[in-house]
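Coordinates from entry.pdb are shown below (PDB, C-alpha atoms).
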ATOM      1  CA  MET A   1      82.774-121.824  32.818  1.00  0.00           C
ATOM      2  CA  LYS A   2      81.217-123.238  29.634  1.00  0.00           C
ATOM      3  CA  GLN A   3      79.402-119.980  28.915  1.00  0.00           C
ATOM      4  CA  LEU A   4      82.454-117.709  29.148  1.00  0.00           C
ATOM      5  CA  TYR A   5      83.436-117.819  25.497  1.00  0.00           C
ATOM      6  CA  SER A   6      79.984-117.619  23.904  1.00  0.00           C
ATOM      7  CA  ALA A   7      79.489-113.865  24.348  1.00  0.00           C
ATOM      8  CA  TYR A   8      82.510-113.086  22.174  1.00  0.00           C
ATOM      9  CA  LYS A   9      80.968-114.273  18.881  1.00  0.00           C
ATOM     10  CA  ILE A  10      83.771-116.626  17.960  1.00  0.00           C
ATOM     11  CA  LYS A  11      81.727-117.734  14.968  1.00  0.00           C
ATOM     12  CA  ASP A  12      82.818-114.474  13.312  1.00  0.00           C
ATOM     13  CA  HIS A  13      86.477-115.346  13.801  1.00  0.00           C
ATOM     14  CA  ILE A  14      86.864-118.973  12.687  1.00  0.00           C
ATOM     15  CA  PRO A  15      85.840-121.050   9.633  1.00  0.00           C
ATOM     16  CA  GLU A  16      82.219-122.142   9.878  1.00  0.00           C
ATOM     17  CA  ASN A  17      82.980-125.863   9.613  1.00  0.00           C
ATOM     18  CA  ALA A  18      85.374-125.637  12.580  1.00  0.00           C
ATOM     19  CA  MET A  19      82.805-124.123  14.947  1.00  0.00           C
ATOM     20  CA  THR A  20      81.358-127.306  16.487  1.00  0.00           C
ATOM     21  CA  THR A  21      84.763-128.790  17.213  1.00  0.00           C
ATOM     22  CA  ILE A  22      86.093-125.535  18.667  1.00  0.00           C
ATOM     23  CA  GLU A  23      83.043-125.137  20.910  1.00  0.00           C
ATOM     24  CA  LYS A  24      83.611-128.641  22.256  1.00  0.00           C
ATOM     25  CA  LEU A  25      87.318-128.040  22.868  1.00  0.00           C
ATOM     26  CA  LEU A  26      86.615-124.798  24.733  1.00  0.00           C
ATOM     27  CA  ALA A  27      83.841-126.336  26.828  1.00  0.00           C
ATOM     28  CA  ASP A  28      85.686-129.575  27.619  1.00  0.00           C
ATOM     29  CA  ASN A  29      88.741-127.644  28.789  1.00  0.00           C
ATOM     30  CA  ASP A  30      86.846-124.915  30.706  1.00  0.00           C
ATOM     31  CA  VAL A  31      88.436-122.134  28.680  1.00  0.00           C
ATOM     32  CA  CYS A  32      87.756-118.465  29.283  1.00  0.00           C
ATOM     33  CA  LEU A  33      88.359-117.017  25.811  1.00  0.00           C
ATOM     34  CA  LYS A  34      89.015-113.341  25.270  1.00  0.00           C
ATOM     35  CA  ILE A  35      89.178-111.757  21.824  1.00  0.00           C
ATOM     36  CA  SER A  36      91.722-108.963  22.168  1.00  0.00           C
ATOM     37  CA  ARG A  37      92.626-105.845  20.272  1.00  0.00           C
ATOM     38  CA  GLN A  38      95.605-106.079  17.953  1.00  0.00           C
ATOM     39  CA  ARG A  39      98.850-106.589  19.862  1.00  0.00           C
ATOM     40  CA  VAL A  40     102.174-106.000  18.148  1.00  0.00           C
ATOM     41  CA  THR A  41     104.204-108.408  20.277  1.00  0.00           C
ATOM     42  CA  LYS A  42     101.913-111.457  20.175  1.00  0.00           C
ATOM     43  CA  LEU A  43      98.970-113.025  18.366  1.00  0.00           C
ATOM     44  CA  GLY A  44      97.605-114.819  21.410  1.00  0.00           C
ATOM     45  CA  ASP A  45      98.461-116.165  24.851  1.00  0.00           C
ATOM     46  CA  TYR A  46      97.500-118.737  27.466  1.00  0.00           C
ATOM     47  CA  ARG A  47      97.372-118.210  31.224  1.00  0.00           C
ATOM     48  CA  SER A  48      96.535-120.501  34.105  1.00  0.00           C
ATOM     49  CA  LEU A  49      94.551-118.657  36.776  1.00  0.00           C
ATOM     50  CA  ASN A  50      93.276-119.433  40.263  1.00  0.00           C
ATOM     51  CA  LYS A  51      95.874-122.181  40.833  1.00  0.00           C
ATOM     52  CA  GLY A  52      95.075-123.923  37.575  1.00  0.00           C
ATOM     53  CA  ARG A  53      91.305-124.002  38.036  1.00  0.00           C
ATOM     54  CA  ILE A  54      90.718-121.456  35.284  1.00  0.00           C
ATOM     55  CA  HIS A  55      92.302-121.501  31.827  1.00  0.00           C
ATOM     56  CA  SER A  56      92.388-118.141  30.059  1.00  0.00           C
ATOM     57  CA  ILE A  57      93.210-117.784  26.367  1.00  0.00           C
ATOM     58  CA  SER A  58      93.311-114.548  24.403  1.00  0.00           C
ATOM     59  CA  VAL A  59      93.570-114.205  20.616  1.00  0.00           C
ATOM     60  CA  ASN A  60      93.912-111.002  18.596  1.00  0.00           C
ATOM     61  CA  GLY A  61      90.596-110.147  16.992  1.00  0.00           C
ATOM     62  CA  ASN A  62      92.137-108.552  13.884  1.00  0.00           C
ATOM     63  CA  LEU A  63      93.427-111.907  12.559  1.00  0.00           C
ATOM     64  CA  ASN A  64      91.825-113.537   9.533  1.00  0.00           C
ATOM     65  CA  ILE A  65      89.762-116.652  10.284  1.00  0.00           C
ATOM     66  CA  TYR A  66      92.586-119.082   9.495  1.00  0.00           C
ATOM     67  CA  SER A  67      95.207-117.197  11.513  1.00  0.00           C
ATOM     68  CA  PHE A  68      92.745-116.907  14.402  1.00  0.00           C
ATOM     69  CA  LEU A  69      92.017-120.634  14.359  1.00  0.00           C
ATOM     70  CA  LEU A  70      95.690-121.582  14.136  1.00  0.00           C
ATOM     71  CA  THR A  71      96.546-119.236  17.018  1.00  0.00           C
ATOM     72  CA  LEU A  72      93.696-120.566  19.146  1.00  0.00           C
ATOM     73  CA  ILE A  73      94.846-124.173  18.626  1.00  0.00           C
ATOM     74  CA  HIS A  74      98.417-123.076  19.412  1.00  0.00           C
ATOM     75  CA  GLU A  75      97.232-121.727  22.775  1.00  0.00           C
ATOM     76  CA  LEU A  76      95.042-124.765  23.479  1.00  0.00           C
ATOM     77  CA  ALA A  77      98.173-126.868  23.068  1.00  0.00           C
ATOM     78  CA  HIS A  78      99.810-124.754  25.802  1.00  0.00           C
ATOM     79  CA  LEU A  79      96.797-125.463  28.009  1.00  0.00           C
ATOM     80  CA  LYS A  80      97.113-129.208  27.441  1.00  0.00           C
ATOM     81  CA  VAL A  81     100.819-129.116  28.258  1.00  0.00           C
ATOM     82  CA  TYR A  82     100.180-127.165  31.459  1.00  0.00           C
ATOM     83  CA  VAL A  83      97.518-129.637  32.591  1.00  0.00           C
ATOM     84  CA  ASN A  84      99.778-132.621  31.889  1.00  0.00           C
ATOM     85  CA  TYR A  85     103.174-131.265  32.911  1.00  0.00           C
ATOM     86  CA  GLY A  86     102.704-128.021  34.812  1.00  0.00           C
ATOM     87  CA  SER A  87     105.774-125.790  34.442  1.00  0.00           C
ATOM     88  CA  ARG A  88     108.241-128.666  34.234  1.00  0.00           C
ATOM     89  CA  VAL A  89     108.778-128.517  30.464  1.00  0.00           C
ATOM     90  CA  LYS A  90     109.836-125.882  27.928  1.00  0.00           C
ATOM     91  CA  PRO A  91     107.014-123.660  26.583  1.00  0.00           C
ATOM     92  CA  HIS A  92     107.550-124.761  22.969  1.00  0.00           C
ATOM     93  CA  GLY A  93     109.336-128.030  23.581  1.00  0.00           C
ATOM     94  CA  MET A  94     108.518-131.484  22.253  1.00  0.00           C
ATOM     95  CA  GLU A  95     105.499-131.847  24.568  1.00  0.00           C
ATOM     96  CA  TRP A  96     103.916-128.714  23.112  1.00  0.00           C
ATOM     97  CA  LYS A  97     104.785-129.691  19.536  1.00  0.00           C
ATOM     98  CA  ASN A  98     103.116-133.081  20.019  1.00  0.00           C
ATOM     99  CA  GLU A  99      99.967-131.547  21.522  1.00  0.00           C
ATOM    100  CA  PHE A 100      99.805-128.946  18.736  1.00  0.00           C
ATOM    101  CA  ARG A 101     100.072-131.651  16.054  1.00  0.00           C
ATOM    102  CA  LEU A 102      97.440-133.771  17.780  1.00  0.00           C
ATOM    103  CA  LEU A 103      94.958-130.921  18.104  1.00  0.00           C
ATOM    104  CA  MET A 104      95.575-129.775  14.520  1.00  0.00           C
ATOM    105  CA  SER A 105      95.083-133.234  13.018  1.00  0.00           C
ATOM    106  CA  TRP A 106      91.273-133.003  12.947  1.00  0.00           C
ATOM    107  CA  PHE A 107      91.303-129.567  11.327  1.00  0.00           C
ATOM    108  CA  MET A 108      93.823-130.657   8.697  1.00  0.00           C
ATOM    109  CA  ASP A 109      91.749-133.725   7.795  1.00  0.00           C
ATOM    110  CA  ASN A 110      88.312-132.108   7.550  1.00  0.00           C
ATOM    111  CA  ASP A 111      88.496-129.455   4.812  1.00  0.00           C
ATOM    112  CA  VAL A 112      88.794-126.523   7.198  1.00  0.00           C
ATOM    113  CA  PHE A 113      91.696-124.856   5.360  1.00  0.00           C
ATOM    114  CA  PRO A 114      92.002-124.029   1.632  1.00  0.00           C
ATOM    115  CA  GLN A 115      94.446-126.338  -0.126  1.00  0.00           C
ATOM    116  CA  ASP A 116      97.286-123.831  -0.625  1.00  0.00           C
ATOM    117  CA  LEU A 117      97.241-122.976   3.069  1.00  0.00           C
ATOM    118  CA  LEU A 118      96.782-126.595   4.127  1.00  0.00           C
ATOM    119  CA  ASP A 119      99.962-127.581   2.282  1.00  0.00           C
ATOM    120  CA  GLU A 120     101.972-125.021   4.262  1.00  0.00           C
ATOM    121  CA  ILE A 121     100.329-126.003   7.558  1.00  0.00           C
ATOM    122  CA  ARG A 122     101.138-129.683   6.999  1.00  0.00           C
ATOM    123  CA  ARG A 123     104.748-128.759   6.253  1.00  0.00           C
ATOM    124  CA  SER A 124     104.955-126.546   9.342  1.00  0.00           C
ATOM    125  CA  MET A 125     103.592-129.331  11.569  1.00  0.00           C
ATOM    126  CA  ILE A 126     106.752-131.367  10.948  1.00  0.00           C
ATOM    127  CA  ASN A 127     108.478-128.987  13.350  1.00  0.00           C
ATOM    128  CA  PRO A 128     106.054-126.308  14.624  1.00  0.00           C
ATOM    129  CA  LYS A 129     107.544-122.901  15.358  1.00  0.00           C
ATOM    130  CA  ALA A 130     106.917-120.906  18.517  1.00  0.00           C
ATOM    131  CA  ALA A 131     104.851-118.445  16.418  1.00  0.00           C
ATOM    132  CA  SER A 132     103.246-118.773  12.989  1.00  0.00           C
ATOM    133  CA  ASN A 133     104.790-115.490  11.851  1.00  0.00           C
ATOM    134  CA  SER A 134     108.282-116.878  12.505  1.00  0.00           C
ATOM    135  CA  ASP A 135     107.665-119.497   9.800  1.00  0.00           C
ATOM    136  CA  GLU A 136     108.027-117.313   6.706  1.00  0.00           C
ATOM    137  CA  LYS A 137     106.306-119.630   4.227  1.00  0.00           C
ATOM    138  CA  LEU A 138     103.357-120.210   6.525  1.00  0.00           C
ATOM    139  CA  ALA A 139     103.125-116.513   7.407  1.00  0.00           C
ATOM    140  CA  LEU A 140     103.031-115.536   3.726  1.00  0.00           C
ATOM    141  CA  ALA A 141     100.361-118.162   3.019  1.00  0.00           C
ATOM    142  CA  LEU A 142      98.247-116.863   5.908  1.00  0.00           C
ATOM    143  CA  ARG A 143      98.674-113.233   4.787  1.00  0.00           C
ATOM    144  CA  ARG A 144      96.991-114.046   1.448  1.00  0.00           C
ATOM    145  CA  TYR A 145      93.738-114.260   3.391  1.00  0.00           C
ATOM    146  CA  ASP A 146      94.112-110.934   5.190  1.00  0.00           C
ATOM    147  CA  GLU A 147      91.797-108.116   4.190  1.00  0.00           C
ATOM    148  CA  LEU A 148      94.365-105.488   3.279  1.00  0.00           C
ATOM    149  CA  LYS A 149      93.194-101.900   3.018  1.00  0.00           C
ATOM    150  CA  SER A 150      93.145-100.263  -0.378  1.00  0.00           C
ATOM    151  CA  GLY A 151      96.665 -99.580  -1.633  1.00  0.00           C
ATOM    152  CA  GLU A 152      98.361-101.930   0.847  1.00  0.00           C
ATOM    153  CA  VAL A 153     100.536-104.847  -0.260  1.00  0.00           C
ATOM    154  CA  ILE A 154     102.870-107.344   1.369  1.00  0.00           C
ATOM    155  CA  LEU A 155     106.525-106.335   0.972  1.00  0.00           C
ATOM    156  CA  ASN A 156     107.377-109.789  -0.358  1.00  0.00           C
ATOM    157  CA  GLU A 157     105.143-109.026  -3.371  1.00  0.00           C
ATOM    158  CA  VAL A 158     106.954-105.755  -4.197  1.00  0.00           C
ATOM    159  CA  PRO A 159     109.596-106.201  -6.953  1.00  0.00           C
ATOM    160  CA  GLU A 160     113.231-105.688  -5.968  1.00  0.00           C
ATOM    161  CA  ASN A 161     114.528-102.117  -6.538  1.00  0.00           C
ATOM    162  CA  SER A 162     110.970-100.755  -6.401  1.00  0.00           C
ATOM    163  CA  VAL A 163     109.944 -97.816  -4.238  1.00  0.00           C
ATOM    164  CA  PHE A 164     107.415 -98.310  -1.449  1.00  0.00           C
ATOM    165  CA  TYR A 165     106.113 -96.328   1.517  1.00  0.00           C
ATOM    166  CA  THR A 166     105.425 -97.205   5.111  1.00  0.00           C
ATOM    167  CA  LYS A 167     102.108 -96.312   6.697  1.00  0.00           C
ATOM    168  CA  ARG A 168     103.876 -93.430   8.439  1.00  0.00           C
ATOM    169  CA  GLY A 169     104.902 -91.976   5.095  1.00  0.00           C
ATOM    170  CA  ARG A 170     108.576 -92.938   4.961  1.00  0.00           C
ATOM    171  CA  LYS A 171     109.909 -93.698   1.478  1.00  0.00           C
ATOM    172  CA  PHE A 172     112.080 -96.765   0.816  1.00  0.00           C
ATOM    173  CA  VAL A 173     113.509 -98.758  -2.053  1.00  0.00           C
ATOM    174  CA  LYS A 174     113.397-102.532  -1.710  1.00  0.00           C
ATOM    175  CA  GLY A 175     116.742-104.331  -1.790  1.00  0.00           C
ATOM    176  CA  LYS A 176     117.894-107.919  -1.514  1.00  0.00           C
ATOM    177  CA  LYS A 177     116.839-110.473   1.048  1.00  0.00           C
ATOM    178  CA  VAL A 178     119.322-111.132   3.857  1.00  0.00           C
ATOM    179  CA  ARG A 179     118.471-114.419   5.551  1.00  0.00           C
ATOM    180  CA  LYS A 180     114.907-113.912   6.763  1.00  0.00           C
ATOM    181  CA  ARG A 181     114.729-110.115   6.315  1.00  0.00           C
ATOM    182  CA  ILE A 182     114.690-107.745   3.341  1.00  0.00           C
ATOM    183  CA  LYS A 183     117.259-104.952   3.255  1.00  0.00           C
ATOM    184  CA  CYS A 184     115.626-101.645   2.275  1.00  0.00           C
ATOM    185  CA  LYS A 185     117.079 -98.169   1.860  1.00  0.00           C
ATOM    186  CA  ASP A 186     115.412 -95.143   3.394  1.00  0.00           C
ATOM    187  CA  LEU A 187     115.395 -92.554   0.599  1.00  0.00           C
ATOM    188  CA  ASN A 188     115.232 -89.683   3.081  1.00  0.00           C
ATOM    189  CA  ASN A 189     118.344 -90.425   5.144  1.00  0.00           C
ATOM    190  CA  GLY A 190     120.125 -93.053   3.031  1.00  0.00           C
ATOM    191  CA  ARG A 191     120.225 -95.605   5.841  1.00  0.00           C
ATOM    192  CA  LEU A 192     119.542 -99.315   5.415  1.00  0.00           C
ATOM    193  CA  TYR A 193     116.826-101.074   7.402  1.00  0.00           C
ATOM    194  CA  LEU A 194     115.717-104.696   7.653  1.00  0.00           C
ATOM    195  CA  PHE A 195     112.029-105.421   6.998  1.00  0.00           C
ATOM    196  CA  SER A 196     109.969-108.545   7.500  1.00  0.00           C
ATOM    197  CA  PRO A 197     108.827-110.054   4.167  1.00  0.00           C
ATOM    198  CA  ILE A 198     105.251-109.958   5.495  1.00  0.00           C
ATOM    199  CA  ALA A 199     105.314-106.252   6.391  1.00  0.00           C
ATOM    200  CA  GLU A 200     102.302-104.326   5.059  1.00  0.00           C
ATOM    201  CA  VAL A 201     103.460-101.411   2.903  1.00  0.00           C
ATOM    202  CA  LEU A 202     102.086 -98.918   0.375  1.00  0.00           C
ATOM    203  CA  LEU A 203     102.945 -98.428  -3.296  1.00  0.00           C
ATOM    204  CA  GLU A 204     101.767 -94.816  -3.153  1.00  0.00           C
ATOM    205  CA  PRO A 205     101.929 -92.367  -0.223  1.00  0.00           C
ATOM    206  CA  ARG A 206      98.696 -91.554   1.558  1.00  0.00           C
TER     207      ARG A 206
END
Show me, as structure tokens, the structure contained in the file I just sent.
Amino acid sequence: MKQLYSAYKIKDHIPENAMTTIEKLLADNDVCLKISRQRVTKLGDYRSLNKGRIHSISVNGNLNIYSFLLTLIHELAHLKVYVNYGSRVKPHGMEWKNEFRLLMSWFMDNDVFPQDLLDEIRRSMINPKAASNSDEKLALALRRYDELKSGEVILNEVPENSVFYTKRGRKFVKGKKVRKRIKCKDLNNGRLYLFSPIAEVLLEPR
């Protein structure tokens, strides 16, 4: 099992100074790691196979190195919980939160993350969310390290009342934030839609 992750070139997906520790975690826990195509509904997942004898983790390959690492540790925490508790506890309950904090402690203490991102990660570890993109401040901090295509911006960075375009060419004007979403008006049909603050949008149509 220790060779199953090596063929996927994980060194291209995580910070260099995290590589040795990640290799050890994967080998010690007999993890079969799969680097997946982009999935809209999830960043990664953990599965127990062959009656718990095989641990399979997948992580989206389009993530930046810090998002990839954070997602991988998130899924390793699920593995640890499964080994210790089976299916007797909640997926993102206190057991998972404790394992996630424990696994993250080394990475937070060894200069793996840039300081601005580290500050948000430390804050998020007080009460880890079920997904990093459900923690708005952390998600925005992680998005700063994405390689956006030319002309793309994060909606949160667009000034209020400014016009923007979706990748499909729809034209909107940015409105006010409503709880965790931003209310935007479609200039073609006049309807209001709620957008995530971390949505990737365009300032000019393509």
Ref. answer, residues at most 12 Å from (104.7, -125.5, 18.8) with all atoms listed in the file, as JSON, numbers by chain: {"A": [70, 71, 73, 74, 75, 76, 77, 78, 81, 90, 91, 92, 93, 94, 95, 96, 97, 98, 99, 100, 101, 102, 103, 104, 124, 125, 126, 127, 128, 129, 130, 131, 132, 134, 135]}
Nearest to Ser48 of chain A, restricted to only C-alpha atoms and choosing among A:Arg144, A:Lys24, A:Lys171, A:Lys80, comes out as A:Lys80
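Here atom CA of Val31 of chain A is placed at a distance of 5.0 Å from atom CA of His55 of chain A.
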Would you mind reading off the distance between atom CA of Gly190 of chain A and atom CA of Val40 of chain A, one decimal, in Å?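 Atom CA of Val40 of chain A lies at a distance of 26.8 Å from atom CA of Gly190 of chain A.
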Env of Pro159 of chain A: 12 Å cut, atoms = only C-alpha atoms, seq-sep filter 6 positions within chain, self excluded. Answer as a list in words. Val153, Val173, Lys174, Gly175, Lys176, Lys177, Ile182, Cys184, Pro197 and Leu203 of chain A
Hey, can you spit out that residue selection with C-alpha atoms as a compact mmCIF listing (two decimals), keeping the file's coordinate frame?
# COMPACT_ATOMS: atom_id res chain seq x y z
CA VAL A 153 100.54 -104.85 -0.26
CA VAL A 173 113.51 -98.76 -2.05
CA LYS A 174 113.40 -102.53 -1.71
CA GLY A 175 116.74 -104.33 -1.79
CA LYS A 176 117.89 -107.92 -1.51
CA LYS A 177 116.84 -110.47 1.05
CA ILE A 182 114.69 -107.74 3.34
CA CYS A 184 115.63 -101.64 2.28
CA PRO A 197 108.83 -110.05 4.17
CA LEU A 203 102.94 -98.43 -3.30
So the first atom is atom CA of Thr21 of chain A and the second is atom CA of Ser105 of chain A; what is the distance between them in Å, to one decimal place? 12.0 Å
Once the PyMOL selection byres ((chain A and resi 145-152) around 12) has been applied to the shown file, what residues remain in the selection, as a ChimeraX atom specification? /A:62-68,113-114,116-117,138-144,153-155,157-158,164-167,198-206
Suppose we keep C-alpha atoms; can you now write the selection as a PDB file, in the coordinates of the input?
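part_20.pdb, written as the output of this step:
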ATOM      1  CA  ASN A  62      92.137-108.552  13.884  1.00  0.00           C
ATOM      2  CA  LEU A  63      93.427-111.907  12.559  1.00  0.00           C
ATOM      3  CA  ASN A  64      91.825-113.537   9.533  1.00  0.00           C
ATOM      4  CA  ILE A  65      89.762-116.652  10.284  1.00  0.00           C
ATOM      5  CA  TYR A  66      92.586-119.082   9.495  1.00  0.00           C
ATOM      6  CA  SER A  67      95.207-117.197  11.513  1.00  0.00           C
ATOM      7  CA  PHE A  68      92.745-116.907  14.402  1.00  0.00           C
ATOM      8  CA  PHE A 113      91.696-124.856   5.360  1.00  0.00           C
ATOM      9  CA  PRO A 114      92.002-124.029   1.632  1.00  0.00           C
ATOM     10  CA  ASP A 116      97.286-123.831  -0.625  1.00  0.00           C
ATOM     11  CA  LEU A 117      97.241-122.976   3.069  1.00  0.00           C
ATOM     12  CA  LEU A 138     103.357-120.210   6.525  1.00  0.00           C
ATOM     13  CA  ALA A 139     103.125-116.513   7.407  1.00  0.00           C
ATOM     14  CA  LEU A 140     103.031-115.536   3.726  1.00  0.00           C
ATOM     15  CA  ALA A 141     100.361-118.162   3.019  1.00  0.00           C
ATOM     16  CA  LEU A 142      98.247-116.863   5.908  1.00  0.00           C
ATOM     17  CA  ARG A 143      98.674-113.233   4.787  1.00  0.00           C
ATOM     18  CA  ARG A 144      96.991-114.046   1.448  1.00  0.00           C
ATOM     19  CA  VAL A 153     100.536-104.847  -0.260  1.00  0.00           C
ATOM     20  CA  ILE A 154     102.870-107.344   1.369  1.00  0.00           C
ATOM     21  CA  LEU A 155     106.525-106.335   0.972  1.00  0.00           C
ATOM     22  CA  GLU A 157     105.143-109.026  -3.371  1.00  0.00           C
ATOM     23  CA  VAL A 158     106.954-105.755  -4.197  1.00  0.00           C
ATOM     24  CA  PHE A 164     107.415 -98.310  -1.449  1.00  0.00           C
ATOM     25  CA  TYR A 165     106.113 -96.328   1.517  1.00  0.00           C
ATOM     26  CA  THR A 166     105.425 -97.205   5.111  1.00  0.00           C
ATOM     27  CA  LYS A 167     102.108 -96.312   6.697  1.00  0.00           C
ATOM     28  CA  ILE A 198     105.251-109.958   5.495  1.00  0.00           C
ATOM     29  CA  ALA A 199     105.314-106.252   6.391  1.00  0.00           C
ATOM     30  CA  GLU A 200     102.302-104.326   5.059  1.00  0.00           C
ATOM     31  CA  VAL A 201     103.460-101.411   2.903  1.00  0.00           C
ATOM     32  CA  LEU A 202     102.086 -98.918   0.375  1.00  0.00           C
ATOM     33  CA  LEU A 203     102.945 -98.428  -3.296  1.00  0.00           C
ATOM     34  CA  GLU A 204     101.767 -94.816  -3.153  1.00  0.00           C
ATOM     35  CA  PRO A 205     101.929 -92.367  -0.223  1.00  0.00           C
ATOM     36  CA  ARG A 206      98.696 -91.554   1.558  1.00  0.00           C
TER      37      ARG A 206
END
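Using all atoms listed in the file, the nearest neighbour of Lys42 of chain A within the list A:Met19, A:Arg179, A:Asn133, A:Val83 is A:Asn133.
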Could you list, as a list in words, every residue matched by the PyMOL selection byres ((chain A and resi 193) around 9) in this structure? Ile182, Lys183, Cys184, Lys185, Asp186, Arg191, Leu192, Leu194 and Phe195 of chain A
